[in-house]
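Structure first, commentary second.
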Amino acid sequence: SDGIILPGVAAFGYAIQALGSIAQVVRQAALKGKPLLGICVGYQLLFDHSCELGDHDGLGLIQGQVVPIPKDLTVPHMGWNVVHLPQGMGLFDGLRTEEHFYFAHSFHARIEDPQARIALTEYGRPMAAAVQKGNIYGVQFHPEKSGPVGMRVLWNFEALCRRVAKC
């Protein structure tokens, strides 16, 4: 394939167990330059560790931890939120600097990787909504539920995959 998508289904502990030995195949492909897009829990799997449904190691592709949304906020974070999109993140080509996306999650990533570019949303405090580190992309929101703007994100990933495949 020209790229890999880790979909956003289930909780971290379940998802990493279900991925099983395929996790190393995905990790090695990404480290060799194949574009990888994680969506929701697929995004969370990109990081080092999560405590959702027990203590679990992630793919370790981006330095960071997946932690619960603070209890002083409404959990789960469900609904539309504005995401502040920095320039230079290929997933967001052709979009405005702020767009609305649909979220549904109870855990979020604390990104610690100095090489990662981060898009933020405000949910009682700033939270990472998307990340890019080279050919590795992740979105906490659900592009497939975010209307035309979300479809643009998916089309942009397809275009990135085609560009890499031509090289």
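Ligands are numbered from 1 in the order shown, residues from 1 within each chain, and chains are lettered A, B, ... in the order they appear in the structure tokens.
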Which residues are close to A:Val75, i.e. within 12 Å by only C-alpha atoms, leaving aside same-chain residues fewer than 6 positions away? Reply as a list of chain:residue names. A:Pro68, A:Ile69, A:Phe103, A:Ala104, A:His105, A:Ser106, A:Phe107, A:His108, A:Tyr123, A:Gly124
Store the residues picked out above, limited to N, CA and C atoms, as a PDB file, in the first residue's frame.
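Output saved as again.pdb:
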ATOM      1  N   PRO A  68      -5.864  10.682  30.829  1.00  0.00           N
ATOM      2  CA  PRO A  68      -7.283  11.046  30.881  1.00  0.00           C
ATOM      3  C   PRO A  68      -7.474  12.559  30.732  1.00  0.00           C
ATOM      4  N   ILE A  69      -8.571  12.929  30.109  1.00  0.00           N
ATOM      5  CA  ILE A  69      -8.978  14.334  30.120  1.00  0.00           C
ATOM      6  C   ILE A  69      -9.249  14.682  31.583  1.00  0.00           C
ATOM      7  N   PHE A 103     -15.090  15.713  17.599  1.00  0.00           N
ATOM      8  CA  PHE A 103     -14.309  14.945  18.571  1.00  0.00           C
ATOM      9  C   PHE A 103     -15.207  13.983  19.345  1.00  0.00           C
ATOM     10  N   ALA A 104     -14.632  12.859  19.763  1.00  0.00           N
ATOM     11  CA  ALA A 104     -15.288  11.910  20.672  1.00  0.00           C
ATOM     12  C   ALA A 104     -14.182  11.126  21.373  1.00  0.00           C
ATOM     13  N   HIS A 105     -13.767  11.615  22.562  1.00  0.00           N
ATOM     14  CA  HIS A 105     -12.677  10.941  23.275  1.00  0.00           C
ATOM     15  C   HIS A 105     -12.682  11.310  24.753  1.00  0.00           C
ATOM     16  N   SER A 106     -12.093  10.426  25.565  1.00  0.00           N
ATOM     17  CA  SER A 106     -11.970  10.638  27.011  1.00  0.00           C
ATOM     18  C   SER A 106     -10.516  10.756  27.455  1.00  0.00           C
ATOM     19  N   PHE A 107      -9.581  10.412  26.571  1.00  0.00           N
ATOM     20  CA  PHE A 107      -8.155  10.514  26.842  1.00  0.00           C
ATOM     21  C   PHE A 107      -7.542  11.430  25.783  1.00  0.00           C
ATOM     22  N   HIS A 108      -6.417  12.055  26.115  1.00  0.00           N
ATOM     23  CA  HIS A 108      -5.754  12.934  25.150  1.00  0.00           C
ATOM     24  C   HIS A 108      -4.247  12.752  25.251  1.00  0.00           C
ATOM     25  N   TYR A 123     -10.235  23.101  24.927  1.00  0.00           N
ATOM     26  CA  TYR A 123     -11.295  22.377  25.618  1.00  0.00           C
ATOM     27  C   TYR A 123     -11.093  22.575  27.117  1.00  0.00           C
ATOM     28  N   GLY A 124     -11.408  23.784  27.573  1.00  0.00           N
ATOM     29  CA  GLY A 124     -11.164  24.145  28.960  1.00  0.00           C
ATOM     30  C   GLY A 124      -9.710  24.485  29.202  1.00  0.00           C
TER      31      GLY A 124
END
| task | Considering only C-alpha atoms, return as a ChimeraX atom specification whatever protein or nucleic-acid residues lie within 12 Å of A:Arg152, sequence-local ones (same chain, fewer than 6 positions apart) excluded. | result | /A:90-96,99,101,143-146,158-159
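Compared by their closest atoms to A:Ile111, and using only C-alpha atoms, the residues A:Leu61, A:Ala11, A:Ala23, A:Cys40 rank with A:Leu61 nearest.
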Quick one: DSSP strand (DSSP E) residues in chain A, as a PyMOL selection string? chain A and resi 4-6+36-39+47-50+56-57+62-68+77-84+98-105+107-111+117-122+126-133+136-139
Expressed in Å, the length from atom CA of A:Met127 to atom CA of A:Pro7 is 20.3 Å
Taken to one decimal, the atom CA of A:Gln115-atom CA of A:Leu59 distance is 16.4 Å
Practice prompt. Identify, with DSSP run on backbone atoms, the residues in stretch 16-62 of chain A assigned to alpha helix (DSSP H), and express the list as a PyMOL selection string.
Written response: chain A and resi 16-19+22-31+41-44
Write the residues of the preceding selection, restricted to N, CA and C atoms, as a PDB file, in the first residue's frame.
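Final output, result_1.pdb:
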ATOM      1  N   ILE A  16      -4.528  -1.693  21.141  1.00  0.00           N
ATOM      2  CA  ILE A  16      -3.150  -2.163  21.006  1.00  0.00           C
ATOM      3  C   ILE A  16      -3.099  -3.694  21.099  1.00  0.00           C
ATOM      4  N   GLN A  17      -3.960  -4.288  21.918  1.00  0.00           N
ATOM      5  CA  GLN A  17      -4.018  -5.761  21.981  1.00  0.00           C
ATOM      6  C   GLN A  17      -4.554  -6.336  20.675  1.00  0.00           C
ATOM      7  N   ALA A  18      -5.586  -5.712  20.115  1.00  0.00           N
ATOM      8  CA  ALA A  18      -6.168  -6.194  18.864  1.00  0.00           C
ATOM      9  C   ALA A  18      -5.171  -6.075  17.710  1.00  0.00           C
ATOM     10  N   LEU A  19      -4.341  -5.039  17.753  1.00  0.00           N
ATOM     11  CA  LEU A  19      -3.332  -4.855  16.712  1.00  0.00           C
ATOM     12  C   LEU A  19      -2.293  -5.979  16.764  1.00  0.00           C
ATOM     13  N   ILE A  22       0.850  -7.130  14.351  1.00  0.00           N
ATOM     14  CA  ILE A  22       0.792  -6.166  13.240  1.00  0.00           C
ATOM     15  C   ILE A  22       1.386  -4.830  13.682  1.00  0.00           C
ATOM     16  N   ALA A  23       1.375  -4.553  14.988  1.00  0.00           N
ATOM     17  CA  ALA A  23       1.921  -3.293  15.502  1.00  0.00           C
ATOM     18  C   ALA A  23       3.358  -3.099  15.040  1.00  0.00           C
ATOM     19  N   GLN A  24       4.169  -4.132  15.087  1.00  0.00           N
ATOM     20  CA  GLN A  24       5.570  -4.001  14.672  1.00  0.00           C
ATOM     21  C   GLN A  24       5.699  -3.802  13.164  1.00  0.00           C
ATOM     22  N   VAL A  25       4.811  -4.399  12.400  1.00  0.00           N
ATOM     23  CA  VAL A  25       4.808  -4.201  10.947  1.00  0.00           C
ATOM     24  C   VAL A  25       4.483  -2.741  10.640  1.00  0.00           C
ATOM     25  N   VAL A  26       3.464  -2.197  11.306  1.00  0.00           N
ATOM     26  CA  VAL A  26       3.078  -0.800  11.117  1.00  0.00           C
ATOM     27  C   VAL A  26       4.220   0.115  11.533  1.00  0.00           C
ATOM     28  N   ARG A  27       4.810  -0.154  12.689  1.00  0.00           N
ATOM     29  CA  ARG A  27       5.904   0.674  13.202  1.00  0.00           C
ATOM     30  C   ARG A  27       7.087   0.685  12.236  1.00  0.00           C
ATOM     31  N   GLN A  28       7.499  -0.485  11.762  1.00  0.00           N
ATOM     32  CA  GLN A  28       8.641  -0.571  10.851  1.00  0.00           C
ATOM     33  C   GLN A  28       8.355   0.122   9.522  1.00  0.00           C
ATOM     34  N   ALA A  29       7.145  -0.031   9.002  1.00  0.00           N
ATOM     35  CA  ALA A  29       6.783   0.633   7.744  1.00  0.00           C
ATOM     36  C   ALA A  29       6.862   2.155   7.907  1.00  0.00           C
ATOM     37  N   ALA A  30       6.353   2.666   9.027  1.00  0.00           N
ATOM     38  CA  ALA A  30       6.403   4.114   9.269  1.00  0.00           C
ATOM     39  C   ALA A  30       7.844   4.594   9.418  1.00  0.00           C
ATOM     40  N   LEU A  31       8.663   3.830  10.131  1.00  0.00           N
ATOM     41  CA  LEU A  31      10.068   4.220  10.312  1.00  0.00           C
ATOM     42  C   LEU A  31      10.842   4.194   8.991  1.00  0.00           C
ATOM     43  N   VAL A  41      -8.314   6.881  18.452  1.00  0.00           N
ATOM     44  CA  VAL A  41      -7.437   5.975  19.208  1.00  0.00           C
ATOM     45  C   VAL A  41      -6.252   5.540  18.346  1.00  0.00           C
ATOM     46  N   GLY A  42      -6.395   5.521  17.034  1.00  0.00           N
ATOM     47  CA  GLY A  42      -5.260   5.253  16.147  1.00  0.00           C
ATOM     48  C   GLY A  42      -4.184   6.316  16.296  1.00  0.00           C
ATOM     49  N   TYR A  43      -4.596   7.546  16.500  1.00  0.00           N
ATOM     50  CA  TYR A  43      -3.677   8.657  16.798  1.00  0.00           C
ATOM     51  C   TYR A  43      -2.986   8.413  18.134  1.00  0.00           C
ATOM     52  N   GLN A  44      -3.737   8.001  19.127  1.00  0.00           N
ATOM     53  CA  GLN A  44      -3.171   7.768  20.451  1.00  0.00           C
ATOM     54  C   GLN A  44      -2.152   6.631  20.429  1.00  0.00           C
TER      55      GLN A  44
END
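Of the residues under consideration (A:Tyr102, A:Ala165, A:Gln87, A:Pro148), A:Gln87 shows the shortest atom-to-atom contact distance to A:Ala119 when counting only C-alpha atoms.
Note that the spacing between atom CA of A:Arg117 and atom CA of A:Asp55 amounts to 26.0 Å.
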Within 12 Å of stretch 120-122 of chain A, counting only C-alpha atoms, which residues qualify if same-chain residues fewer than 5 places away don't, as a list in words? Leu73, His77, Trp80, Asn81, Val82, Val83, His84, Leu85, Pro86, Thr97, Glu98, Glu99, His100, Phe101, Tyr102, Phe103, His108, Ala109, Arg110, Ile111, Met127, Ala128, Ala129, Ala130, Val131, Val139, Gln140 and Phe141 of chain A
Written file, previous selection with N, CA and C atoms, as a compact mmCIF listing (two decimals), in the first residue's frame:
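Below you can see out-v7.txt, which holds the result:
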# COMPACT_ATOMS: atom_id res chain seq x y z
N LEU A 73 -13.30 18.76 33.56
CA LEU A 73 -13.92 19.03 32.27
C LEU A 73 -14.97 17.96 31.99
N HIS A 77 -15.11 14.27 25.84
CA HIS A 77 -15.13 15.44 24.97
C HIS A 77 -15.81 14.98 23.70
N TRP A 80 -18.30 19.25 18.33
CA TRP A 80 -17.51 20.07 17.42
C TRP A 80 -16.64 21.05 18.19
N ASN A 81 -15.38 21.17 17.78
CA ASN A 81 -14.47 22.14 18.36
C ASN A 81 -13.62 22.75 17.25
N VAL A 82 -13.19 23.98 17.48
CA VAL A 82 -12.27 24.64 16.56
C VAL A 82 -10.87 24.08 16.78
N VAL A 83 -10.19 23.80 15.69
CA VAL A 83 -8.78 23.39 15.74
C VAL A 83 -7.97 24.49 15.08
N HIS A 84 -6.91 24.92 15.75
CA HIS A 84 -6.00 25.94 15.25
C HIS A 84 -4.91 25.22 14.45
N LEU A 85 -4.88 25.47 13.15
CA LEU A 85 -4.04 24.72 12.23
C LEU A 85 -2.79 25.51 11.87
N PRO A 86 -1.62 25.07 12.33
CA PRO A 86 -0.39 25.78 11.97
C PRO A 86 -0.02 25.52 10.51
N THR A 97 -6.87 28.69 8.76
CA THR A 97 -6.03 28.53 9.95
C THR A 97 -6.84 28.03 11.15
N GLU A 98 -8.16 28.11 11.07
CA GLU A 98 -9.04 27.55 12.11
C GLU A 98 -10.20 26.84 11.42
N GLU A 99 -10.44 25.62 11.80
CA GLU A 99 -11.55 24.83 11.24
C GLU A 99 -12.21 24.04 12.36
N HIS A 100 -13.49 23.72 12.16
CA HIS A 100 -14.22 22.89 13.12
C HIS A 100 -14.11 21.42 12.73
N PHE A 101 -13.85 20.58 13.75
CA PHE A 101 -13.80 19.13 13.56
C PHE A 101 -14.59 18.47 14.69
N TYR A 102 -15.01 17.23 14.45
CA TYR A 102 -15.82 16.48 15.41
C TYR A 102 -14.94 15.58 16.27
N PHE A 103 -15.09 15.71 17.60
CA PHE A 103 -14.31 14.95 18.57
C PHE A 103 -15.21 13.98 19.34
N HIS A 108 -6.42 12.06 26.11
CA HIS A 108 -5.75 12.93 25.15
C HIS A 108 -4.25 12.75 25.25
N ALA A 109 -3.54 13.19 24.22
CA ALA A 109 -2.09 13.03 24.18
C ALA A 109 -1.40 14.26 24.76
N ARG A 110 -0.44 13.99 25.64
CA ARG A 110 0.52 15.02 26.09
C ARG A 110 1.78 14.78 25.26
N ILE A 111 1.98 15.63 24.26
CA ILE A 111 3.06 15.43 23.30
C ILE A 111 4.35 16.03 23.86
N MET A 127 -5.42 21.60 24.17
CA MET A 127 -5.13 20.17 24.02
C MET A 127 -4.70 19.91 22.59
N ALA A 128 -3.79 18.96 22.42
CA ALA A 128 -3.36 18.57 21.08
C ALA A 128 -4.54 17.95 20.34
N ALA A 129 -4.75 18.42 19.12
CA ALA A 129 -5.81 17.89 18.27
C ALA A 129 -5.25 17.11 17.09
N ALA A 130 -3.99 17.41 16.73
CA ALA A 130 -3.34 16.73 15.60
C ALA A 130 -1.84 16.87 15.77
N VAL A 131 -1.12 15.94 15.13
CA VAL A 131 0.33 15.93 15.21
C VAL A 131 0.91 15.49 13.88
N VAL A 139 -4.60 12.50 14.12
CA VAL A 139 -5.66 13.44 14.47
C VAL A 139 -6.52 12.84 15.57
N GLN A 140 -6.73 13.61 16.63
CA GLN A 140 -7.59 13.15 17.72
C GLN A 140 -9.05 13.17 17.29
N PHE A 141 -9.41 14.09 16.43
CA PHE A 141 -10.79 14.22 15.94
C PHE A 141 -11.08 13.15 14.88
task: Excluding A:Gly60 and any residue of its chain fewer than 3 positions from it, enumerate the residues within 7 Å of it, using only C-alpha atoms, and give them as a list in words.
output: Leu46, Phe47, Asp48 and Gln63 of chain A
Requested write-out: all heavy atoms of the selected residues, as a compact mmCIF listing (two decimals), in the first residue's frame:
# COMPACT_ATOMS: atom_id res chain seq x y z
N LEU A 46 0.07 6.11 18.37
CA LEU A 46 1.35 6.59 17.85
C LEU A 46 2.34 6.91 18.97
O LEU A 46 3.55 6.94 18.75
CB LEU A 46 1.15 7.84 16.99
CG LEU A 46 0.24 7.70 15.77
CD1 LEU A 46 0.06 9.06 15.11
CD2 LEU A 46 0.76 6.67 14.80
N PHE A 47 1.83 7.15 20.18
CA PHE A 47 2.65 7.64 21.28
C PHE A 47 3.28 6.49 22.08
O PHE A 47 3.04 5.32 21.83
CB PHE A 47 1.82 8.57 22.17
CG PHE A 47 1.37 9.79 21.40
CD1 PHE A 47 0.10 9.84 20.84
CD2 PHE A 47 2.23 10.85 21.19
CE1 PHE A 47 -0.30 10.94 20.10
CE2 PHE A 47 1.85 11.95 20.44
CZ PHE A 47 0.58 11.99 19.90
N ASP A 48 4.07 6.87 23.09
CA ASP A 48 4.83 5.89 23.87
C ASP A 48 3.98 5.03 24.79
O ASP A 48 4.23 3.85 24.93
CB ASP A 48 5.88 6.62 24.75
CG ASP A 48 6.92 7.33 23.93
OD1 ASP A 48 7.38 6.76 22.92
OD2 ASP A 48 7.30 8.46 24.30
N GLN A 63 7.10 10.85 20.78
CA GLN A 63 7.28 10.89 22.23
C GLN A 63 6.07 11.56 22.87
O GLN A 63 5.69 12.67 22.49
CB GLN A 63 8.54 11.67 22.59
CG GLN A 63 9.81 11.03 22.14
CD GLN A 63 10.99 11.96 22.35
OE1 GLN A 63 10.97 12.87 23.16
NE2 GLN A 63 12.06 11.71 21.59
